[in-house]
Amino acid sequence: MHLCLPLLLSVGLFGIGTYGLLVRRNAILVLMSVELMLNGVNVSLVAFDVYWAEALRAGQSLAIFVITIAAAEIGLGLAILLLLYRMRGTIAIDEATDLREGSP
Amino acid sequence: MSDRSLLSPTGVDIVFALLAAVAITSAVAVVTTKQVVHAALWLVVSLGAVAGCYLVMTAEFVAWMQVLIYLGAVVVLLLFGMMLTRAPIGPSDDLTGANRLAALFAAVAVTAVLAVLVVDAFASTMIDVSGEVSTANVMGEALFRYWVLPFEALSVLLLSALVGAIALSKTDEEA
């Protein structure tokens, strides 16, 4: 099997995630785009692990670590979003401008 | 093995390419759909197809972890988040910001640079998918023989994330 195919899938998922991350206003959809990017990284980790096929299984172990950290990130991110929603009544990320330069 | 070009696919290549096409198409649907709930459901399709790709690449344990954690836990958490923030049911036009062209340009630039890089570097490299399948047995041995310390650090990280989420979602009235 070609190593190129999983790497191209990885690049595609990462690029699509980048687009969603930059363009979406709803913060939950932004979190979904981050998940897509993390999945792209995982695909390339697993592909290189199978390519090298060494006893450490470094790529697949790191992929499992990334999946775990993504789960932790989603839990914390949603807690922060719920707090934001309770305080502001919206989770549109371009309305959370308190730290912006020159904001009132 | 290494003189095969990308234009002479084997059966495994074709299966992988089909799964990858499903994953990419549904990922595009995730970032372009006008309905919030549909985005979560397309995310299920995309992550499920990626799990299939892991199975084709003999990474069996990672594939099942993907199904259990992403499809089972993360998507359900996201749907709960949508319910709790009263996400609009039905199509809504304000899900996408005003900087659509700039975002498209940035994403296409990132994708093009990375794609040219990997095709240039690995155009004729083959991986062997007929080797040992990474079952839970194999992965457990690798994790607990070589990766014990990161594994334990990760459990501390998960615990602190749990405590942090509880602390954040506690209301002031109860405190």
# chains A, B, ... in the order shown; residues from 1 in each chain; ligands from 1
call {"tool": "residues_around", "arguments": {"residues": "Ala55 in chain A", "least_positions_apart": "5", "cutoff": "10 Å", "atoms": "only C-alpha atoms", "output": "list in words"}}
result
Asp49 of chain A; Val138, Met139, Glu141, Ala142 and Tyr146 of chain B
call {"tool": "write_last_selection", "arguments": {"atoms": "C-alpha atoms", "output": "mmCIF file, in the first residue's frame"}}
result
data_model
loop_
_atom_site.group_PDB
_atom_site.id
_atom_site.type_symbol
_atom_site.label_atom_id
_atom_site.label_comp_id
_atom_site.auth_asym_id
_atom_site.auth_seq_id
_atom_site.Cartn_x
_atom_site.Cartn_y
_atom_site.Cartn_z
ATOM 1 C CA ASP A 49 4.076 3.804 12.647
ATOM 2 C CA VAL B 138 0.271 -5.939 21.000
ATOM 3 C CA MET B 139 -0.618 -2.350 21.885
ATOM 4 C CA GLU B 141 2.397 -4.704 25.652
ATOM 5 C CA ALA B 142 3.922 -1.645 23.949
ATOM 6 C CA TYR B 146 7.724 1.334 26.931
#
call {"tool": "residues_around", "arguments": {"residues": "Val36 in chain B", "least_positions_apart": "3", "cutoff": "8 Å", "atoms": "only C-alpha atoms", "output": "list in words"}}
result
Leu29 of chain A; Thr33, Ala39, Ala40, Met82, Ala87, Pro88, Ile89, Gly90 and Pro91 of chain B
call {"tool": "closest_atom_pairs", "arguments": {"of": "chain A", "to": "chain B", "cutoff": "8 Å", "atoms": "only C-alpha atoms", "output": "Markdown table"}}
result
| residue | atom | partner | partner_atom | distance |
| --- | --- | --- | --- | --- |
| A:Met1 | CA | B:Ile127 | CA | 5.4 |
| A:His2 | CA | B:Met126 | CA | 4.5 |
| A:Leu3 | CA | B:Met126 | CA | 5.3 |
| A:Cys4 | CA | B:Phe122 | CA | 6.0 |
| A:Leu5 | CA | B:Ala17 | CA | 7.0 |
| A:Pro6 | CA | B:Ala20 | CA | 7.9 |
| A:Leu7 | CA | B:Val118 | CA | 6.8 |
| A:Leu8 | CA | B:Ala115 | CA | 6.3 |
| A:Leu9 | CA | B:Ala20 | CA | 6.0 |
| A:Val11 | CA | B:Thr111 | CA | 6.0 |
| A:Gly12 | CA | B:Thr111 | CA | 6.4 |
| A:Leu13 | CA | B:Ile24 | CA | 6.4 |
| A:Phe14 | CA | B:Thr111 | CA | 7.5 |
| A:Gly15 | CA | B:Thr111 | CA | 5.0 |
| A:Ile16 | CA | B:Val28 | CA | 6.4 |
| A:Gly17 | CA | B:Val31 | CA | 7.6 |
| A:Thr18 | CA | B:Ala107 | CA | 5.6 |
| A:Tyr19 | CA | B:Ala107 | CA | 5.1 |
| A:Gly20 | CA | B:Val31 | CA | 4.9 |
| A:Leu22 | CA | B:Ala103 | CA | 5.5 |
| A:Val23 | CA | B:Gly97 | CA | 5.4 |
| A:Arg24 | CA | B:Thr96 | CA | 4.7 |
| A:Arg25 | CA | B:Leu95 | CA | 5.3 |
| A:Asn26 | CA | B:Leu95 | CA | 5.9 |
| A:Ile28 | CA | B:Leu78 | CA | 7.0 |
| A:Leu29 | CA | B:Val36 | CA | 7.4 |
| A:Met32 | CA | B:Leu43 | CA | 7.6 |
| A:Ser33 | CA | B:Val31 | CA | 7.1 |
| A:Leu36 | CA | B:Ala27 | CA | 7.3 |
| A:Asn39 | CA | B:Leu47 | CA | 7.7 |
| A:Val43 | CA | B:Tyr54 | CA | 7.5 |
| A:Val46 | CA | B:Ala59 | CA | 7.1 |
| A:Ala47 | CA | B:Met57 | CA | 7.1 |
| A:Val50 | CA | B:Ile127 | CA | 6.7 |
| A:Tyr51 | CA | B:Ile127 | CA | 4.9 |
| A:Ala55 | CA | B:Ala142 | CA | 7.2 |
| A:Leu56 | CA | B:Ala142 | CA | 5.8 |
| A:Arg57 | CA | B:Ala142 | CA | 6.3 |
| A:Gln60 | CA | B:Val62 | CA | 6.8 |
| A:Ser61 | CA | B:Leu143 | CA | 6.5 |
| A:Ala63 | CA | B:Val62 | CA | 7.3 |
| A:Ile64 | CA | B:Val62 | CA | 6.4 |
| A:Phe65 | CA | B:Leu154 | CA | 7.4 |
| A:Ile67 | CA | B:Gln66 | CA | 7.3 |
| A:Thr68 | CA | B:Leu154 | CA | 7.8 |
| A:Ile69 | CA | B:Leu158 | CA | 7.6 |
| A:Ala71 | CA | B:Val74 | CA | 6.3 |
| A:Ala72 | CA | B:Ala161 | CA | 5.8 |
| A:Glu73 | CA | B:Ala161 | CA | 7.7 |
| A:Ile74 | CA | B:Val74 | CA | 6.9 |
| A:Gly75 | CA | B:Ala165 | CA | 6.5 |
| A:Leu76 | CA | B:Ala165 | CA | 5.1 |
| A:Leu78 | CA | B:Gly81 | CA | 6.3 |
| A:Ala79 | CA | B:Ala165 | CA | 5.4 |
| A:Ile80 | CA | B:Leu168 | CA | 6.7 |
| A:Leu82 | CA | B:Thr85 | CA | 6.7 |
| A:Leu83 | CA | B:Ser169 | CA | 6.5 |
| A:Tyr85 | CA | B:Thr85 | CA | 6.4 |
| A:Thr90 | CA | B:Thr85 | CA | 7.6 |
| A:Ile91 | CA | B:Thr85 | CA | 7.6 |
call {"tool": "atom_distance", "arguments": {"atom1": "CA of Trp64 in chain B", "atom2": "CA of Val22 in chain B"}}
result
18.4 Å
call {"tool": "atom_distance", "arguments": {"atom1": "CA of Leu71 in chain B", "atom2": "CA of Gly48 in chain B"}}
result
7.2 Å
call {"tool": "atom_distance", "arguments": {"atom1": "CA of Met83 in chain B", "atom2": "CA of Arg88 in chain A"}}
result
16.4 Å
call {"tool": "closest_residue", "arguments": {"among": "A:Met87, A:Gly77, A:Gly102, A:Ile93", "to": "Leu31 in chain A", "atoms": "only C-alpha atoms"}}
result
A:Gly77
call {"tool": "select_by_dssp", "arguments": {"residues": "chain A", "states": "alpha helix (DSSP H)", "output": "ChimeraX atom specification"}}
result
/A:4-23,27-52,58-88
call {"tool": "write_last_selection", "arguments": {"atoms": "C-alpha atoms", "output": "short mmCIF file (atom, residue, chain, number, x, y, z; two decimals), in the first residue's frame"}}
result
data_model
loop_
_atom_site.label_atom_id
_atom_site.label_comp_id
_atom_site.auth_asym_id
_atom_site.auth_seq_id
_atom_site.Cartn_x
_atom_site.Cartn_y
_atom_site.Cartn_z
CA CYS A 4 1.10 8.68 0.15
CA LEU A 5 -2.59 7.82 0.50
CA PRO A 6 -2.86 8.05 4.32
CA LEU A 7 -0.63 11.12 4.28
CA LEU A 8 -2.87 12.82 1.72
CA LEU A 9 -5.92 11.92 3.83
CA SER A 10 -4.13 13.42 6.81
CA VAL A 11 -3.33 16.62 4.91
CA GLY A 12 -6.91 16.87 3.64
CA LEU A 13 -8.45 16.50 7.08
CA PHE A 14 -6.00 19.02 8.52
CA GLY A 15 -6.77 21.56 5.78
CA ILE A 16 -10.54 21.15 6.11
CA GLY A 17 -10.19 21.53 9.88
CA THR A 18 -8.19 24.73 9.33
CA TYR A 19 -10.94 26.13 7.14
CA GLY A 20 -13.65 25.29 9.69
CA LEU A 21 -11.58 26.68 12.54
CA LEU A 22 -11.17 30.02 10.77
CA VAL A 23 -14.64 30.39 9.31
CA ALA A 27 -17.82 27.80 19.20
CA ILE A 28 -19.02 24.18 19.22
CA LEU A 29 -18.45 23.99 15.47
CA VAL A 30 -14.95 25.39 16.07
CA LEU A 31 -14.33 22.53 18.53
CA MET A 32 -15.47 20.07 15.85
CA SER A 33 -12.97 21.55 13.40
CA VAL A 34 -10.22 21.09 15.99
CA GLU A 35 -11.26 17.44 16.24
CA LEU A 36 -10.89 17.11 12.46
CA MET A 37 -7.36 18.57 12.62
CA LEU A 38 -6.38 16.21 15.46
CA ASN A 39 -7.70 13.30 13.41
CA GLY A 40 -5.55 14.35 10.48
CA VAL A 41 -2.49 14.30 12.73
CA ASN A 42 -3.51 10.87 14.08
CA VAL A 43 -3.78 9.41 10.58
CA SER A 44 -0.23 10.43 9.76
CA LEU A 45 1.05 9.13 13.13
CA VAL A 46 -0.50 5.72 12.49
CA ALA A 47 0.71 5.68 8.86
CA PHE A 48 4.32 6.36 9.84
CA ASP A 49 4.08 3.80 12.65
CA VAL A 50 3.01 1.11 10.19
CA TYR A 51 5.75 2.27 7.80
CA TRP A 52 8.51 1.87 10.39
CA ALA A 58 5.54 4.88 19.01
CA GLY A 59 3.13 6.27 16.43
CA GLN A 60 0.13 4.27 17.53
CA SER A 61 0.84 4.94 21.22
CA LEU A 62 1.04 8.67 20.46
CA ALA A 63 -2.20 8.41 18.46
CA ILE A 64 -3.91 6.93 21.52
CA PHE A 65 -2.46 9.72 23.67
CA VAL A 66 -3.74 12.32 21.20
CA ILE A 67 -7.23 10.75 21.27
CA THR A 68 -7.21 10.89 25.09
CA ILE A 69 -6.03 14.50 25.16
CA ALA A 70 -8.70 15.40 22.60
CA ALA A 71 -11.34 13.93 24.90
CA ALA A 72 -10.00 15.97 27.83
CA GLU A 73 -9.92 19.07 25.63
CA ILE A 74 -13.54 18.59 24.56
CA GLY A 75 -14.64 18.18 28.19
CA LEU A 76 -12.86 21.32 29.36
CA GLY A 77 -13.79 23.27 26.22
CA LEU A 78 -17.47 22.53 26.63
CA ALA A 79 -17.32 23.52 30.31
CA ILE A 80 -15.79 26.87 29.31
CA LEU A 81 -18.40 27.31 26.56
CA LEU A 82 -21.27 26.62 28.95
CA LEU A 83 -19.82 29.22 31.34
CA LEU A 84 -19.57 31.69 28.44
CA TYR A 85 -23.15 30.92 27.43
CA ARG A 86 -24.40 31.42 30.98
CA MET A 87 -22.64 34.80 31.25
CA ARG A 88 -23.30 36.16 27.74
#
call {"tool": "decode", "arguments": {"residues": "chain A", "atoms": "C-alpha atoms", "output": "compact mmCIF listing (two decimals), in the first residue's frame"}}
result
# COMPACT_ATOMS: atom_id res chain seq x y z
CA MET A 1 0.00 0.00 0.00
CA HIS A 2 1.25 3.51 -0.79
CA LEU A 3 2.34 5.68 2.12
CA CYS A 4 1.10 8.68 0.15
CA LEU A 5 -2.59 7.82 0.50
CA PRO A 6 -2.86 8.05 4.32
CA LEU A 7 -0.63 11.12 4.28
CA LEU A 8 -2.87 12.82 1.72
CA LEU A 9 -5.92 11.92 3.83
CA SER A 10 -4.13 13.42 6.81
CA VAL A 11 -3.33 16.62 4.91
CA GLY A 12 -6.91 16.87 3.64
CA LEU A 13 -8.45 16.50 7.08
CA PHE A 14 -6.00 19.02 8.52
CA GLY A 15 -6.77 21.56 5.78
CA ILE A 16 -10.54 21.15 6.11
CA GLY A 17 -10.19 21.53 9.88
CA THR A 18 -8.19 24.73 9.33
CA TYR A 19 -10.94 26.13 7.14
CA GLY A 20 -13.65 25.29 9.69
CA LEU A 21 -11.58 26.68 12.54
CA LEU A 22 -11.17 30.02 10.77
CA VAL A 23 -14.64 30.39 9.31
CA ARG A 24 -17.11 29.09 11.89
CA ARG A 25 -18.75 31.46 14.39
CA ASN A 26 -20.43 28.90 16.66
CA ALA A 27 -17.82 27.80 19.20
CA ILE A 28 -19.02 24.18 19.22
CA LEU A 29 -18.45 23.99 15.47
CA VAL A 30 -14.95 25.39 16.07
CA LEU A 31 -14.33 22.53 18.53
CA MET A 32 -15.47 20.07 15.85
CA SER A 33 -12.97 21.55 13.40
CA VAL A 34 -10.22 21.09 15.99
CA GLU A 35 -11.26 17.44 16.24
CA LEU A 36 -10.89 17.11 12.46
CA MET A 37 -7.36 18.57 12.62
CA LEU A 38 -6.38 16.21 15.46
CA ASN A 39 -7.70 13.30 13.41
CA GLY A 40 -5.55 14.35 10.48
CA VAL A 41 -2.49 14.30 12.73
CA ASN A 42 -3.51 10.87 14.08
CA VAL A 43 -3.78 9.41 10.58
CA SER A 44 -0.23 10.43 9.76
CA LEU A 45 1.05 9.13 13.13
CA VAL A 46 -0.50 5.72 12.49
CA ALA A 47 0.71 5.68 8.86
CA PHE A 48 4.32 6.36 9.84
CA ASP A 49 4.08 3.80 12.65
CA VAL A 50 3.01 1.11 10.19
CA TYR A 51 5.75 2.27 7.80
CA TRP A 52 8.51 1.87 10.39
CA ALA A 53 6.91 -1.11 12.18
CA GLU A 54 9.21 -1.07 15.23
CA ALA A 55 8.63 -2.70 18.59
CA LEU A 56 7.98 0.56 20.46
CA ARG A 57 4.79 1.21 18.45
CA ALA A 58 5.54 4.88 19.01
CA GLY A 59 3.13 6.27 16.43
CA GLN A 60 0.13 4.27 17.53
CA SER A 61 0.84 4.94 21.22
CA LEU A 62 1.04 8.67 20.46
CA ALA A 63 -2.20 8.41 18.46
CA ILE A 64 -3.91 6.93 21.52
CA PHE A 65 -2.46 9.72 23.67
CA VAL A 66 -3.74 12.32 21.20
CA ILE A 67 -7.23 10.75 21.27
CA THR A 68 -7.21 10.89 25.09
CA ILE A 69 -6.03 14.50 25.16
CA ALA A 70 -8.70 15.40 22.60
CA ALA A 71 -11.34 13.93 24.90
CA ALA A 72 -10.00 15.97 27.83
CA GLU A 73 -9.92 19.07 25.63
CA ILE A 74 -13.54 18.59 24.56
CA GLY A 75 -14.64 18.18 28.19
CA LEU A 76 -12.86 21.32 29.36
CA GLY A 77 -13.79 23.27 26.22
CA LEU A 78 -17.47 22.53 26.63
CA ALA A 79 -17.32 23.52 30.31
CA ILE A 80 -15.79 26.87 29.31
CA LEU A 81 -18.40 27.31 26.56
CA LEU A 82 -21.27 26.62 28.95
CA LEU A 83 -19.82 29.22 31.34
CA LEU A 84 -19.57 31.69 28.44
CA TYR A 85 -23.15 30.92 27.43
CA ARG A 86 -24.40 31.42 30.98
CA MET A 87 -22.64 34.80 31.25
CA ARG A 88 -23.30 36.16 27.74
CA GLY A 89 -26.26 34.23 26.36
CA THR A 90 -24.32 33.46 23.17
CA ILE A 91 -21.37 31.33 22.09
CA ALA A 92 -20.59 33.23 18.89
CA ILE A 93 -16.83 33.60 19.13
CA ASP A 94 -16.68 36.98 17.40
CA GLU A 95 -18.79 38.49 20.18
CA ALA A 96 -16.37 37.52 22.95
CA THR A 97 -14.21 40.60 22.43
CA ASP A 98 -13.34 41.64 26.00
CA LEU A 99 -9.62 41.08 25.53
CA ARG A 100 -9.53 42.79 22.15
CA GLU A 101 -7.38 45.87 21.74
CA GLY A 102 -9.42 49.07 21.98
CA SER A 103 -12.63 47.38 23.11
CA PRO A 104 -14.87 49.49 25.37
